[in-house]
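Text of coords.txt, listed as compact mmCIF, C-alpha atoms:
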# COMPACT_ATOMS: atom_id res chain seq x y z
CA MET A 10 19.98 -20.09 -7.80
CA ALA A 11 20.86 -16.47 -8.40
CA THR A 12 19.78 -14.79 -11.58
CA PRO A 13 22.76 -14.20 -13.90
CA ASN A 14 23.60 -10.60 -14.56
CA VAL A 15 22.40 -9.64 -18.00
CA LYS A 16 24.43 -6.94 -19.69
CA ARG A 17 22.10 -4.27 -20.93
CA LYS A 18 22.81 -1.59 -23.45
CA ARG A 19 23.46 1.83 -22.02
CA LEU A 20 20.74 4.37 -22.60
CA VAL A 21 21.62 7.46 -24.54
CA GLU A 22 20.19 10.96 -24.55
CA LYS A 23 16.48 10.65 -25.32
CA SER A 24 15.72 14.31 -26.01
CA LEU A 25 15.40 15.43 -29.60
CA PRO A 26 17.68 18.19 -30.94
CA PRO A 27 15.95 21.60 -30.91
CA ALA A 28 16.30 22.08 -34.68
CA ILE A 29 14.70 18.74 -35.50
CA GLU A 30 11.19 20.21 -35.19
CA SER A 31 11.74 22.38 -38.28
CA TYR A 32 12.56 19.27 -40.30
CA ILE A 33 10.02 16.91 -38.76
CA PRO A 34 6.90 18.73 -37.47
CA GLU A 35 5.58 15.49 -36.01
CA SER A 36 8.46 15.50 -33.50
CA ARG A 37 6.44 17.90 -31.36
CA LEU A 38 4.11 15.03 -30.56
CA PHE A 39 7.05 13.03 -29.27
CA MET A 40 8.09 15.88 -26.97
CA GLN A 41 4.53 16.09 -25.64
CA LEU A 42 4.59 12.35 -25.09
CA GLN A 43 7.81 12.69 -23.10
CA ALA A 44 6.21 15.36 -20.88
CA LEU A 45 3.22 13.05 -20.34
CA GLU A 46 5.59 10.20 -19.50
CA ARG A 47 7.29 12.29 -16.82
CA ARG A 48 3.95 13.10 -15.21
CA LEU A 49 2.93 9.46 -15.44
CA ASP A 50 6.17 8.34 -13.79
CA THR A 51 5.45 10.68 -10.89
CA LYS A 52 1.97 9.22 -10.50
CA ILE A 53 3.31 5.66 -10.67
CA VAL A 54 5.88 6.31 -7.95
CA ARG A 55 3.19 7.80 -5.69
CA LYS A 56 0.80 4.91 -6.32
CA ARG A 57 3.59 2.39 -5.76
CA LEU A 58 4.22 3.87 -2.33
CA GLU A 59 0.51 3.76 -1.56
CA VAL A 60 0.30 0.11 -2.62
CA GLN A 61 3.31 -0.83 -0.51
CA GLU A 62 1.77 0.92 2.47
CA ALA A 63 -1.57 -0.81 1.87
CA LEU A 64 0.11 -4.23 1.64
CA GLY A 65 1.64 -3.65 5.04
CA LYS A 66 -1.76 -3.18 6.65
CA PRO A 67 -4.16 -6.04 7.38
CA VAL A 68 -7.19 -6.19 5.12
CA TYR A 69 -10.42 -7.60 6.45
CA LYS A 70 -13.19 -9.17 4.41
CA LYS A 71 -16.71 -9.87 5.53
CA ARG A 72 -17.58 -13.56 5.83
CA ILE A 73 -20.38 -15.62 7.34
CA VAL A 74 -20.09 -17.84 10.42
CA ARG A 75 -22.89 -20.39 10.78
CA ILE A 76 -23.73 -21.27 14.38
CA PHE A 77 -25.30 -24.62 15.32
CA VAL A 78 -26.91 -25.32 18.70
CA SER A 79 -27.66 -28.87 19.79
CA ASN A 80 -27.64 -31.11 22.86
CA LEU A 81 -26.79 -34.66 23.83
CA ALA A 82 -28.78 -36.66 26.39
CA ALA A 83 -27.44 -39.57 28.42
CA ASN A 84 -29.11 -42.08 30.80
CA GLN A 85 -32.60 -40.64 30.26
CA THR A 86 -34.37 -44.02 30.40
CA GLY A 87 -36.69 -43.19 33.26
CA ALA A 88 -37.65 -40.59 35.77
CA VAL A 89 -35.02 -40.16 38.42
CA GLY A 90 -35.45 -37.92 41.45
CA LEU A 91 -32.91 -35.67 43.01
CA ASP A 92 -32.17 -38.21 45.72
CA ASP A 93 -31.60 -40.88 43.10
CA MET A 94 -29.03 -38.68 41.34
CA ASP A 95 -26.89 -38.63 44.43
CA GLU A 96 -23.54 -40.22 43.73
CA GLY A 97 -24.02 -42.46 46.77
CA ARG A 98 -26.62 -44.55 44.95
CA PHE A 99 -25.70 -43.93 41.30
CA GLY A 100 -22.27 -43.44 39.83
CA ALA A 101 -21.44 -40.35 37.80
CA ALA A 102 -21.77 -42.33 34.58
CA GLU A 103 -25.31 -43.61 35.47
CA ALA A 104 -26.85 -40.28 36.54
CA PRO A 105 -29.07 -38.70 33.84
CA SER A 106 -27.31 -35.76 32.21
CA TRP A 107 -27.31 -33.61 29.15
CA THR A 108 -24.67 -31.62 27.23
CA LEU A 109 -25.41 -28.33 25.49
CA ARG A 110 -23.23 -27.82 22.43
CA ILE A 111 -22.62 -24.45 20.70
CA GLU A 112 -20.59 -24.84 17.52
CA GLY A 113 -19.68 -22.57 14.63
CA ARG A 114 -18.17 -22.95 11.19
CA LEU A 115 -16.84 -20.30 8.80
CA LEU A 116 -18.56 -20.66 5.43
CA ASP A 117 -16.46 -20.60 2.28
CA PRO A 118 -17.16 -17.80 -0.21
CA THR A 119 -19.34 -18.69 -3.15
CA GLY A 120 -17.37 -20.35 -5.93
CA THR A 121 -14.36 -21.31 -3.79
CA ALA A 122 -12.65 -24.46 -5.05
CA THR A 123 -11.38 -27.07 -2.63
CA LYS A 124 -7.75 -26.55 -3.63
CA THR A 125 -7.91 -22.79 -3.07
CA ARG A 126 -9.31 -22.95 0.45
CA THR A 127 -7.26 -21.13 3.04
CA ALA A 128 -6.46 -22.36 6.54
CA SER A 129 -9.63 -22.98 8.56
CA HIS A 130 -10.60 -20.60 11.36
CA LYS A 131 -11.87 -21.71 14.75
CA PHE A 132 -15.22 -20.56 16.03
CA SER A 133 -13.81 -18.98 19.18
CA GLU A 134 -11.70 -16.62 17.04
CA PHE A 135 -14.87 -14.62 16.36
CA VAL A 136 -16.20 -14.51 19.94
CA ASN A 137 -15.07 -12.13 22.68
CA SER A 138 -17.26 -13.58 25.41
CA MET A 139 -20.18 -15.93 25.91
CA VAL A 140 -22.81 -16.21 28.64
CA VAL A 141 -25.26 -19.12 28.96
CA GLU A 142 -28.23 -18.72 31.32
CA LEU A 143 -30.18 -21.86 32.25
CA ASP A 144 -33.80 -21.51 33.30
CA ARG A 145 -33.73 -23.84 36.32
CA ASP A 146 -34.82 -23.52 39.92
CA PRO A 147 -32.02 -21.58 41.67
CA ASP A 148 -32.88 -23.25 44.98
CA LEU A 149 -32.07 -26.67 43.55
CA TYR A 150 -29.32 -25.72 41.09
CA SER A 151 -26.64 -23.14 41.80
CA ASP A 152 -24.77 -23.37 38.51
CA ASN A 153 -27.34 -21.79 36.22
CA VAL A 154 -25.00 -19.19 34.70
CA VAL A 155 -21.95 -20.12 32.63
CA GLN A 156 -19.49 -17.44 31.45
CA TRP A 157 -16.53 -17.58 29.11
CA ARG A 158 -14.17 -14.76 28.15
CA ARG A 159 -11.33 -14.74 25.69
CA ALA A 160 -7.89 -15.15 27.23
CA ALA A 161 -4.61 -14.61 25.45
CA ALA A 162 -3.11 -17.89 26.68
CA GLU A 163 -6.02 -20.07 25.53
CA GLY A 164 -6.15 -21.81 22.20
CA ASP A 165 -9.06 -21.42 19.82
CA VAL A 166 -11.73 -24.12 19.60
CA ASP A 167 -14.51 -25.07 17.20
CA GLY A 168 -17.26 -25.00 19.82
CA PHE A 169 -18.31 -24.95 23.48
CA GLU A 170 -20.00 -27.55 25.65
CA VAL A 171 -21.98 -27.14 28.86
CA LYS A 172 -22.67 -30.39 30.71
CA ARG A 173 -25.20 -30.66 33.53
CA ARG A 174 -27.18 -33.37 35.33
CA GLY A 175 -30.92 -33.57 34.94
CA ASP A 176 -33.79 -35.41 33.30
CA GLU A 177 -36.00 -32.44 32.40
CA ASP A 178 -36.09 -30.10 29.45
CA VAL A 179 -34.29 -26.82 30.16
CA LYS A 180 -34.61 -23.46 28.43
CA ALA A 181 -31.21 -21.89 27.70
CA LYS A 182 -30.41 -18.32 26.76
CA ILE A 183 -27.10 -17.98 24.90
CA MET A 184 -25.53 -14.51 24.62
CA LEU A 185 -22.53 -14.11 22.29
CA ASP A 186 -20.35 -11.01 22.00
CA ILE A 187 -19.09 -11.19 18.41
CA ARG A 188 -15.52 -10.06 17.89
CA THR A 189 -14.79 -7.41 15.20
CA ALA A 190 -11.57 -6.13 13.67
CA THR A 191 -12.32 -2.57 14.75
CA ASP A 192 -14.18 -1.54 17.87
CA ARG A 193 -17.84 -0.99 17.08
CA PHE A 194 -20.43 0.73 19.20
CA LYS A 195 -24.16 1.12 19.42
CA VAL A 196 -25.60 4.61 19.06
CA ASN A 197 -27.98 4.89 22.02
CA SER A 198 -29.83 7.93 20.68
CA PRO A 199 -32.79 6.95 18.48
CA LEU A 200 -32.95 10.48 17.09
CA LEU A 201 -29.32 10.42 16.02
CA ARG A 202 -29.75 6.96 14.48
CA GLU A 203 -32.67 8.26 12.44
CA LEU A 204 -30.96 11.51 11.38
CA LEU A 205 -27.71 9.83 10.34
CA ASP A 206 -29.34 6.63 8.96
CA ILE A 207 -27.40 4.29 11.28
CA ARG A 208 -28.85 0.79 11.13
CA GLY A 209 -26.47 -1.19 13.36
CA PRO A 210 -23.17 -1.11 15.27
CA ILE A 211 -20.70 1.39 13.85
CA SER A 212 -17.10 2.39 14.48
CA LYS A 213 -16.22 5.74 16.01
CA ALA A 214 -14.64 6.93 12.75
CA GLY A 215 -17.73 5.85 10.83
CA PHE A 216 -19.96 7.70 13.33
CA ILE A 217 -18.01 10.94 12.85
CA MET A 218 -18.06 10.49 9.06
CA LYS A 219 -21.84 10.03 9.07
CA LEU A 220 -22.25 13.23 11.09
CA TRP A 221 -19.88 15.14 8.78
CA GLN A 222 -21.84 14.01 5.72
CA TYR A 223 -25.05 15.22 7.38
CA ILE A 224 -23.45 18.61 8.14
CA LYS A 225 -22.19 19.04 4.58
CA PHE A 226 -25.46 17.92 3.00
CA ASN A 227 -27.52 20.37 5.08
CA ASN A 228 -24.92 23.19 4.85
CA LEU A 229 -24.66 23.60 8.64
CA GLN A 230 -21.06 24.85 8.67
CA ASP A 231 -20.71 28.54 9.63
CA SER A 232 -19.53 30.57 6.64
CA ASP A 233 -17.65 33.08 8.81
CA ASP A 234 -16.10 30.54 11.19
CA PRO A 235 -15.81 27.07 9.59
CA ASP A 236 -14.94 25.58 12.98
CA GLN A 237 -18.49 26.25 14.20
CA ILE A 238 -21.54 24.17 13.30
CA ARG A 239 -24.99 25.76 13.30
CA CYS A 240 -27.23 22.80 14.14
CA ASP A 241 -30.67 22.48 12.64
CA THR A 242 -33.68 21.60 14.75
CA GLY A 243 -33.20 17.83 14.71
CA LEU A 244 -29.44 17.88 15.32
CA ALA A 245 -29.75 20.51 18.05
CA GLN A 246 -32.34 18.35 19.80
CA ALA A 247 -30.12 15.27 19.54
CA LEU A 248 -26.89 16.98 20.68
CA GLY A 249 -28.50 19.33 23.17
CA SER A 250 -26.89 22.47 21.72
CA SER A 251 -27.58 24.75 18.77
CA VAL A 252 -23.89 25.61 18.16
CA VAL A 253 -21.16 22.96 18.28
CA SER A 254 -17.42 23.27 17.71
CA PHE A 255 -15.57 20.76 15.55
CA THR A 256 -12.94 20.25 18.24
CA THR A 257 -15.54 19.09 20.78
CA LEU A 258 -17.39 16.71 18.42
CA PRO A 259 -15.41 13.49 19.20
CA GLN A 260 -15.81 13.98 22.95
CA MET A 261 -19.49 14.87 22.58
CA LEU A 262 -20.26 11.83 20.42
CA HIS A 263 -18.55 9.53 22.93
CA ALA A 264 -21.52 9.99 25.25
CA PHE A 265 -23.83 8.50 22.61
CA MET A 266 -21.80 5.30 22.09
CA THR A 267 -22.27 2.13 24.12
CA ARG A 268 -21.28 -1.50 23.71
CA PRO A 269 -23.39 -3.23 21.03
CA ASP A 270 -26.08 -5.68 22.09
CA PRO A 271 -24.92 -9.30 22.18
CA LEU A 272 -26.27 -11.95 19.85
CA ILE A 273 -29.01 -13.79 21.76
CA ILE A 274 -30.01 -17.36 20.87
CA GLU A 275 -32.95 -19.03 22.61
CA TYR A 276 -32.77 -22.83 22.79
CA THR A 277 -34.54 -25.59 24.71
CA VAL A 278 -32.48 -28.56 25.82
CA ARG A 279 -34.64 -31.63 25.13
CA VAL A 280 -33.67 -34.78 26.95
CA HIS A 281 -36.57 -37.02 25.90
CA ALA A 282 -36.20 -36.58 22.13
CA GLY A 283 -33.41 -39.12 21.84
CA ASP A 284 -29.69 -39.07 22.49
CA PHE A 285 -29.18 -36.14 20.13
CA HIS A 286 -31.29 -33.11 19.40
CA MET A 287 -30.49 -30.08 17.20
CA ALA A 288 -32.19 -26.74 16.88
CA GLN A 289 -34.51 -26.33 13.94
CA TYR A 290 -32.55 -23.38 12.59
CA ALA A 291 -28.91 -22.43 12.26
CA PHE A 292 -27.80 -18.84 12.78
CA ASP A 293 -25.65 -16.93 10.28
CA VAL A 294 -23.51 -14.12 11.68
CA GLU A 295 -21.43 -11.68 9.65
CA VAL A 296 -17.80 -11.47 10.83
CA GLU A 297 -14.57 -9.88 9.60
CA VAL A 298 -11.73 -12.18 8.50
CA GLU A 299 -8.21 -11.01 7.73
CA GLU A 300 -7.26 -11.76 4.14
CA PRO A 301 -3.97 -13.51 3.39
CA SER A 302 -1.04 -11.58 1.95
CA ARG A 303 -1.87 -10.07 -1.44
CA GLN A 304 1.68 -9.44 -2.57
CA ASN A 305 1.46 -12.22 -5.15
CA ILE A 306 -2.19 -11.69 -6.12
CA GLY A 307 -3.56 -9.77 -9.07
CA PRO A 308 -1.57 -7.32 -11.20
CA LEU A 309 1.28 -7.15 -8.66
CA ALA A 310 2.40 -10.62 -9.70
CA ASN A 311 3.29 -9.30 -13.17
CA VAL A 312 5.31 -6.28 -12.04
CA GLN A 313 8.69 -7.86 -12.80
CA ALA A 314 7.53 -8.99 -16.25
CA ARG A 315 6.22 -5.50 -16.99
CA HIS A 316 9.54 -4.01 -15.94
CA ARG A 317 11.38 -6.27 -18.36
CA GLU A 318 9.04 -5.27 -21.20
CA LEU A 319 9.54 -1.59 -20.40
CA GLY A 320 13.30 -2.13 -20.35
CA GLN A 321 13.20 -3.63 -23.83
CA ILE A 322 11.05 -0.78 -25.14
CA GLU A 323 13.41 1.80 -23.61
CA SER A 324 16.37 0.08 -25.25
CA GLN A 325 14.65 0.25 -28.64
CA LEU A 326 13.73 3.88 -28.03
CA ALA A 327 17.32 4.71 -27.07
CA GLN A 328 18.58 3.12 -30.29
CA LYS A 329 16.11 5.14 -32.35
CA MET A 330 17.16 8.35 -30.61
CA GLN A 331 20.82 7.57 -31.30
CA ASP A 332 19.99 7.04 -34.95
CA ILE A 333 18.24 10.44 -35.02
CA HIS A 334 21.26 12.18 -33.47
CA ASN A 335 23.61 10.48 -35.94
CA ALA A 336 21.37 11.41 -38.87
CA ARG A 337 21.21 15.02 -37.70
CA ALA A 338 25.02 15.23 -37.35
CA LYS A 339 25.44 13.72 -40.82
CA ARG A 340 22.92 16.15 -42.30
CA ASP A 341 24.60 19.18 -40.69
CA PHE A 342 27.97 17.99 -42.00
CA LEU A 343 26.72 17.60 -45.57
CA ARG A 344 24.63 20.78 -45.43
CA GLY A 345 27.67 22.82 -44.30
CA PHE A 346 29.74 21.42 -47.15
CA ALA A 347 26.97 22.15 -49.69
CA ASP A 348 26.49 25.77 -48.57
CA ASP A 349 30.17 26.83 -48.62
CA PRO A 350 32.63 24.08 -49.58
CA VAL A 351 35.81 26.21 -49.23
CA ALA A 352 35.02 27.59 -45.77
CA PHE A 353 33.81 24.17 -44.69
CA VAL A 354 37.07 22.49 -45.72
CA HIS A 355 39.11 25.19 -43.92
CA ARG A 356 37.08 24.73 -40.73
CA TRP A 357 37.35 21.01 -40.99
CA ILE A 358 41.16 21.13 -41.45
CA ASP A 359 41.46 23.56 -38.53
CA ASN A 360 39.43 21.26 -36.27
CA GLN A 361 41.44 18.25 -37.36
CA THR A 362 44.68 20.15 -36.64
CA LYS A 363 43.52 21.03 -33.14
CA ASP A 364 42.48 17.43 -32.50
CA LEU A 365 45.84 16.19 -33.71
CA GLU A 366 47.67 18.61 -31.41
CA VAL A 367 45.64 17.37 -28.46
CA ILE A 368 46.37 13.75 -29.35
CA MET A 369 50.09 14.41 -29.77
CA GLY A 370 50.23 16.43 -26.54
CA ASP A 371 51.40 19.65 -28.25
CA ARG A 372 48.36 21.72 -27.25
CA ARG A 373 47.20 22.84 -23.84
CA HIS A 374 43.70 24.07 -23.06
CA GLY A 375 41.83 26.09 -20.53
CA LEU A 376 43.46 27.40 -17.40
CA GLU A 377 46.78 25.72 -18.13
CA ALA A 378 47.19 27.39 -21.54
CA ALA A 379 46.10 30.83 -20.32
CA LEU A 380 48.34 30.68 -17.27
CA ALA A 381 51.31 29.64 -19.38
CA ALA A 382 50.72 32.54 -21.79
CA ILE A 383 50.59 35.12 -18.98
CA MET A 384 53.62 33.66 -17.22
CA ALA A 385 55.59 33.67 -20.48
CA ALA A 386 54.77 37.36 -20.98
CA ASP A 387 55.79 38.25 -17.44
CA SER A 388 59.44 39.30 -17.33
CA ALA A 389 59.83 38.11 -13.76
CA ALA A 390 58.28 34.72 -14.36
CA GLN A 391 61.39 32.88 -13.23
CA GLU A 392 61.32 34.56 -9.80
CA LEU A 393 57.61 34.19 -9.06
CA THR A 394 56.58 34.36 -5.46
CA ALA A 395 53.53 32.68 -3.94
CA ASP A 396 51.62 35.97 -3.92
CA ARG A 397 52.46 36.65 -7.53
CA GLN A 398 51.43 33.12 -8.49
CA GLN A 399 48.03 33.63 -6.80
CA VAL A 400 47.51 36.98 -8.53
CA LEU A 401 48.29 35.42 -11.91
CA GLU A 402 45.82 32.61 -11.30
CA GLN A 403 43.08 35.10 -10.39
CA GLU A 404 43.78 37.14 -13.53
CA THR A 405 43.75 33.98 -15.60
CA ALA A 406 40.40 32.88 -14.17
CA LYS A 407 38.95 36.34 -14.90
CA TRP A 408 40.30 36.16 -18.45
CA LEU A 409 38.74 32.74 -18.99
CA LYS A 410 35.40 33.97 -17.64
CA GLU A 411 35.29 37.02 -19.92
CA SER A 412 36.92 35.48 -22.98
CA ALA A 413 35.24 34.13 -26.07
CA LEU A 414 36.72 30.71 -25.45
CA TYR A 415 33.30 29.20 -24.73
CA ASP A 416 31.70 30.75 -27.80
CA GLU A 417 33.56 28.44 -30.16
CA SER A 418 31.67 25.77 -32.06
CA TRP A 419 33.16 22.88 -30.10
CA ALA A 420 31.87 24.16 -26.71
CA ASP A 421 28.24 23.04 -27.18
CA GLU A 422 29.32 19.64 -28.40
CA ALA A 423 31.74 19.24 -25.49
CA VAL A 424 29.03 20.11 -22.96
CA PHE A 425 26.61 17.69 -24.63
CA HIS A 426 29.12 14.82 -24.51
CA TYR A 427 30.00 15.60 -20.90
CA LEU A 428 26.36 15.55 -19.79
CA SER A 429 25.71 12.39 -21.83
CA ALA A 430 28.64 10.66 -20.15
CA LYS A 431 27.35 11.65 -16.71
CA THR A 432 23.85 10.47 -17.58
CA GLN A 433 25.14 7.12 -18.85
CA GLU A 434 27.26 6.71 -15.73
CA ARG A 435 24.25 7.33 -13.50
CA MET A 436 22.02 4.99 -15.51
CA GLN A 437 24.68 2.29 -15.28
CA GLN A 438 24.76 2.65 -11.50
CA LEU A 439 20.96 2.37 -11.30
CA LEU A 440 20.97 -0.71 -13.53
CA GLN A 441 23.62 -2.37 -11.38
CA GLN A 442 21.60 -1.67 -8.25
CA GLN A 443 18.47 -3.11 -9.85
CA GLN A 444 20.36 -6.24 -10.93
CA GLN A 445 21.72 -6.71 -7.42
CA GLN A 446 18.24 -6.37 -5.94
CA GLN A 447 16.85 -8.90 -8.43
CA ALA A 448 19.66 -11.33 -7.60
CA GLN A 449 19.01 -10.95 -3.87
CA HIS A 450 15.27 -11.44 -4.38
CA ALA A 451 15.87 -14.60 -6.44
CA GLN A 452 18.24 -15.92 -3.80
CA GLN A 453 15.69 -15.31 -1.05
CA GLN A 454 13.00 -17.12 -3.06
CA HIS A 455 15.40 -20.04 -3.59
CA GLN A 456 16.16 -20.24 0.14
CA THR A 457 12.46 -20.07 0.95
CA ALA A 458 11.73 -22.91 -1.49
CA LEU A 459 14.49 -25.02 0.09
CA GLY A 460 13.16 -24.32 3.58
CA SER A 461 9.61 -25.30 2.66

Could I get this file's structure written as structure tokens?
Amino acid sequence: MATPNVKRKRLVEKSLPPAIESYIPESRLFMQLQALERRLDTKIVRKRLEVQEALGKPVYKKRIVRIFVSNLAANQTGAVGLDDMDEGRFGAAEAPSWTLRIEGRLLDPTGTATKTRTASHKFSEFVNSMVVELDRDPDLYSDNVVQWRRAAAEGDVDGFEVKRRGDEDVKAKIMLDIRTATDRFKVNSPLLRELLDIRGPISKAGFIMKLWQYIKFNNLQDSDDPDQIRCDTGLAQALGSSVVSFTTLPQMLHAFMTRPDPLIIEYTVRVHAGDFHMAQYAFDVEVEVEEPSRQNIGPLANVQARHRELGQIESQLAQKMQDIHNARAKRDFLRGFADDPVAFVHRWIDNQTKDLEVIMGDRRHGLEAALAAIMAADSAAQELTADRQQVLEQETAKWLKESALYDESWADEAVFHYLSAKTQERMQQLLQQQQQQQAQHAQQQHQTALGS
């Protein structure tokens, strides 16, 4: 259902008359407040653009994935030799076997209610690759290494299973390459890690930022050529050069970055401890999870309500400003009458006469009146040629430019009303556009509600 168009009062001129400060000294504070409001509006527009840009980018939050390792054992009632496990004597279901299970679950943040939980994530979403090495005799078993790599066509799963035959305990080495939102690397130089205080995997941008902070803190930038870096003893030893250019830093640091070490989990598959056995410990791994859309979260949800409140305040402010303008016009009228009643009445009658002539159509103004006066004075006005007509118009325009026509008392008021009319017209157009956008937004929300 579309929002009905609400007719709003047109805003009037919100600037105080120049002479009002002599009557009300406190009005200067209002003018300062208006200047502050203009600066604040500029800041708000800039921040609004930044917020809109930030909402368009994915935001990742650090969460914890808890990894569980366990195994299942089947048909482990007695000792069975390799010959006995041949499918000729025992079926596949009777042969002793075990299944290694690697599962993971994303933990909810502290204080999360059941109703506010977001869609669950699968364990494989946070793994790029996995390698499982089984410590068994390679002469007897050829499948001692199991590898898995992420593929775009595969769906995500909650865990992995490795099933093998056997009736003996087996040591397994599980290597997991944890997936991150941004590519992270390991700094393979111990000296650089110590100088820059790097404790773990880091992104390339973070690596460069750490180095830049070290350069600024130790004042290593050349004062004559800021593009050159004068390395101290430790940095020169790590980079292999005493002078480094800023332009070559990214390429130089690339040689110190390697893939981070995988997460290694040691586990022993126990087949004689029952049908199910789980590791004594679980393993918590920090991962990055994309947050849901934040367009309706926090202060942004109250933007429309704040706009309505500001609109009401602006309407009240506009009414107060109109009252000030009316009071000033009334005061000037009465003050003029009090100072010189006779001259005031004569001016008032003259102005009323001019207005009456304009209303009755007996008075012409501007270019039309001046052109008519010149043409009436020209003896050959009835036989004007095109050239003569153009010359007269040019002379008339020059006369209007140099005349005292615009020095009359009505000129300032006419300009003020003209600019006010243009301002009101523009404000009305902006209000109509805003109302149309609100109606379209309400219609889209209604359609979305119907679709869901």

Point-to-point distance from atom CA of Asp293 of chain A to atom CA of Lys71 of chain A, Å rounded to tenths
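Spanning atom CA of Asp293 of chain A to atom CA of Lys71 of chain A is a straight-line distance of 12.3 Å.
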
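Going from atom CA of Asp234 of chain A to atom CA of Ala214 of chain A covers 23.7 Å.
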
When you draw a straight line from atom CA of Met287 of chain A to atom CA of Arg188 of chain A, how long is it in Å?
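Atom CA of Arg188 of chain A lies 25.0 Å from atom CA of Met287 of chain A.
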
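With distances restricted to all atoms listed in the file, A:Pro271 is the closest residue to Ser138 of chain A from A:Pro271, A:Ala347, A:Phe77, A:Glu323.
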
With distances taken over only C-alpha atoms, which of A:Gly168, A:Leu204, A:Gly175, A:Ala336 is nearest to Gln222 of chain A?
A:Leu204

Leu115 of chain A proximity check over A:Glu297, A:Trp221, A:Ser254, A:Gln289, using all atoms listed in the file: winner is A:Glu297

Nearest to Leu143 of chain A: which of A:Glu103, A:Glu163, A:Glu275, A:Asp359 is it, counting only C-alpha atoms?
A:Glu275

May I have the residues within 10 Å of Gly243 of chain A as a PyMOL selection string, using only C-alpha atoms and disregarding those fewer than 4 positions away in the same chain?
chain A and resi 200-201+203-204+247-249+251

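Among the candidate residues A:Asp50, A:Asp241, A:Asp332, A:Asp284, the one lying nearest to Leu229 of chain A is A:Asp241, with distances computed using all atoms listed in the file.
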
Need the shell around Thr108 of chain A: protein/DNA/RNA residues with any atom at most 10 Å away, counting all atoms listed in the file. Skip same-chain ones fewer than 3 positions apart. Format as a PDB file with C-alpha atoms, in the frame of the given file?
ATOM      1  CA  SER A  79     -27.660 -28.870  19.790  1.00  0.00           C
ATOM      2  CA  ASN A  80     -27.640 -31.110  22.860  1.00  0.00           C
ATOM      3  CA  LEU A  81     -26.790 -34.660  23.830  1.00  0.00           C
ATOM      4  CA  ALA A  82     -28.780 -36.660  26.390  1.00  0.00           C
ATOM      5  CA  ALA A  83     -27.440 -39.570  28.420  1.00  0.00           C
ATOM      6  CA  ILE A 111     -22.620 -24.450  20.700  1.00  0.00           C
ATOM      7  CA  PHE A 169     -18.310 -24.950  23.480  1.00  0.00           C
ATOM      8  CA  GLU A 170     -20.000 -27.550  25.650  1.00  0.00           C
ATOM      9  CA  VAL A 171     -21.980 -27.140  28.860  1.00  0.00           C
ATOM     10  CA  LYS A 172     -22.670 -30.390  30.710  1.00  0.00           C
ATOM     11  CA  ARG A 173     -25.200 -30.660  33.530  1.00  0.00           C
ATOM     12  CA  ARG A 174     -27.180 -33.370  35.330  1.00  0.00           C
ATOM     13  CA  VAL A 278     -32.480 -28.560  25.820  1.00  0.00           C
ATOM     14  CA  VAL A 280     -33.670 -34.780  26.950  1.00  0.00           C
ATOM     15  CA  PHE A 285     -29.180 -36.140  20.130  1.00  0.00           C
TER      16      PHE A 285
END

A:Val196, A:Ile53, A:Glu299, A:Gly283: which is nearest Pro67 of chain A, counting all atoms listed in the file?
A:Glu299
